[in-house]
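Only one structure is covered here, and it is reproduced in the block below.
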Amino acid sequence: MIFWWNVVHYALYRLGLMRPPDFRNYPDDWDPWLGSLLGWRTRLRIVQADHCPTDHPAIFAAGHGKLDDPLFVWGAVNRASSEKIHIHFMMRDDFFVGPPRSRLPFSMNELTRMSGCLQISRDQVQLSQLKPLINVLRAPGSFVMFPGRSRSRSGMLMEYRDGIDEPGGVSFFLVHAQRRSPGLRIPAVPVARTYNPVTRVSTVAFGPPQYLAADASREEQRNFDLGLAVHIGDAVELHALHLLAAVVYLRCLHGATSVITMDHLLRVVDELQPVLRNQLVDPALLASPATTLGAAAGWLVQQGILRAVAAGHLPDRARVLSAPPLETQYRRANPVKYHLNQILHFDQLVRGIEVEVLRGIRGEG
């Protein structure tokens, strides 16, 4: 019901008959509606919810891989905080510029502002655009920002973009808000959404809140922002498709031509147990590795990058090793590399997988 009231309210506002609506006034009503629309009951897992603050202010610093990340982060924060934190979002002001979005009969920029988005010019940020975000924290309130500045096209965390530690980064807001409101202590909370296309389940994980002193030097601010990227990466959850993608890619890279068997995959999982205990892992991978890895292999068969044979699977080696252009079609062009890229920052894990892959190749020889 509240959804339709908001639609009517917005229509009356456009006709000049009502004041602009503020959709943030209805979090308890929007959550079940969005949850039903996006299937959160079965497709959203919240991990380490105890790291999510239950009062303002806070900056939620998130990785960004999918278009609907803001909705899933909003739902996770709302639920993890027991609906006590209602967040704003930092958003680029040119997202809806140009067709087809600009041809809609209503203004998406206007609607997102009514939903709590504060817009900035990503490449030419003005101080006047940053002040409203500082004021949100001082209110006190909270907002979400994506330090990587845009969605990852390759699957890599932040895609190694420049600018994560420039003015306008997380540390900038922490320092300036705390300096202007002495006594205010603001955490930056790392957040990562990991989407598994095989199960269509999204895991939103919160990392330990990070604090920065109001009098932090520029060097301390820079180190804080770079360290925060590491904490965001630590909140990525490993699932079966990640592990399978790593095995497939590394076997192709090292010239293996034999069939990838389930026995080999299970040996890799078994040998990695000491490493897996030190990071977030999809519980299904640990509880039923054969089932989840088999489903992941079936998904890659559907993508045309694996071929099922009697004893296991054979990869399309040329496609697996290809380097697609860094654009939105990257994940479709090479789903193996795209999902491997999501866990490349887990150095010990990737090294462990490579050791087992090489051991398997030697055993086959």
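Convention: chains lettered A, B, ... in structure tokens order; per-chain residue numbering from 1; ligands numbered from 1 as shown.
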
Which of range 141-271 of chain A DSSP labels strand (DSSP E or B), written as a PDB file with C-alpha atoms, in the first residue's frame:
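Writing the result to out-v8.pdb gives the following:
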ATOM      1  CA  SER A 142      24.982   7.661   7.844  1.00  0.00           C
ATOM      2  CA  PHE A 143      25.684   7.115   4.179  1.00  0.00           C
ATOM      3  CA  VAL A 144      27.031   4.499   1.778  1.00  0.00           C
ATOM      4  CA  MET A 145      29.820   5.184  -0.660  1.00  0.00           C
ATOM      5  CA  PRO A 187      33.335   4.425  12.077  1.00  0.00           C
ATOM      6  CA  ALA A 188      33.924   3.398   8.486  1.00  0.00           C
ATOM      7  CA  VAL A 189      32.283   0.001   8.055  1.00  0.00           C
ATOM      8  CA  PRO A 190      33.644  -2.223   5.241  1.00  0.00           C
ATOM      9  CA  VAL A 191      30.888  -3.944   3.246  1.00  0.00           C
ATOM     10  CA  ALA A 192      31.064  -6.494   0.427  1.00  0.00           C
ATOM     11  CA  ARG A 193      28.250  -8.034  -1.566  1.00  0.00           C
ATOM     12  CA  THR A 194      29.185 -11.343  -3.157  1.00  0.00           C
ATOM     13  CA  TYR A 195      26.782 -12.597  -5.806  1.00  0.00           C
ATOM     14  CA  ASN A 196      26.709 -16.254  -6.813  1.00  0.00           C
ATOM     15  CA  VAL A 201      22.152 -15.806  -3.745  1.00  0.00           C
ATOM     16  CA  SER A 202      23.820 -12.577  -2.605  1.00  0.00           C
ATOM     17  CA  THR A 203      25.903 -12.500   0.555  1.00  0.00           C
ATOM     18  CA  VAL A 204      26.384  -9.100   2.155  1.00  0.00           C
ATOM     19  CA  ALA A 205      29.166  -9.197   4.732  1.00  0.00           C
ATOM     20  CA  PHE A 206      30.188  -6.479   7.169  1.00  0.00           C
ATOM     21  CA  GLN A 210      37.513   1.188  11.294  1.00  0.00           C
ATOM     22  CA  TYR A 211      38.225   4.487  13.075  1.00  0.00           C
ATOM     23  CA  LEU A 238      34.365 -17.466  -1.461  1.00  0.00           C
ATOM     24  CA  ILE A 260      38.932 -31.816 -14.979  1.00  0.00           C
TER      25      ILE A 260
END

What's the 9 Å shell around range 219-229 of chain A, counting only C-alpha atoms, without same-chain residues fewer than 6 positions away, as a PyMOL selection string?
chain A and resi 61-63+147-148+157-158+164-166+169-172+175+188-190+210-212

Could those residues be written to a file, using C-alpha atoms, as a tab-separated table (two decimals), in the first residue's frame?
chain	number	residue	atom	x	y	z
A	61	ALA	CA	32.28	1.68	2.40
A	62	ALA	CA	31.31	-0.98	-0.10
A	63	GLY	CA	32.70	-2.81	-3.09
A	147	PRO	CA	35.40	3.94	-2.87
A	148	GLY	CA	36.14	2.23	-6.18
A	157	LEU	CA	38.24	-5.45	-6.37
A	158	MET	CA	38.16	-1.69	-7.14
A	164	ILE	CA	40.71	5.83	-3.80
A	165	ASP	CA	42.97	7.85	-1.50
A	166	GLU	CA	42.32	11.28	-3.02
A	169	GLY	CA	37.71	9.43	-0.11
A	170	VAL	CA	36.31	7.91	3.08
A	171	SER	CA	38.99	9.47	5.29
A	172	PHE	CA	38.10	12.95	4.03
A	175	VAL	CA	38.23	13.77	9.42
A	188	ALA	CA	33.92	3.40	8.49
A	189	VAL	CA	32.28	0.00	8.06
A	190	PRO	CA	33.64	-2.22	5.24
A	210	GLN	CA	37.51	1.19	11.29
A	211	TYR	CA	38.22	4.49	13.07
A	212	LEU	CA	40.39	7.46	12.15

Using only C-alpha atoms, which residue out of A:Leu118, A:Cys52, A:Leu111, A:Val47 lies closest to Glu83 in chain A?
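Between A:Leu118, A:Cys52, A:Leu111, A:Val47, the residue approaching Glu83 in chain A most closely is A:Cys52.
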
Identify, with DSSP run on backbone atoms, the residues in range 24-259 of chain A assigned to helix (DSSP H, G or I), and express the list as number ranges by chain.
A: 24-25, 27-38, 40-43, 49-51, 69-80, 101-103, 108-114, 127-138, 157-160, 170-180, 218-234, 240-253

Interatomic distance between CA of Leu280 in chain A and CA of Leu241 in chain A?
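Distance between the two atoms: 14.4 Å.
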
Taking into account only C-alpha atoms, which residue in the set A:Leu293, A:Met262, A:Ala323, A:Ala177 is nearest to Val309 in chain A?
A:Met262
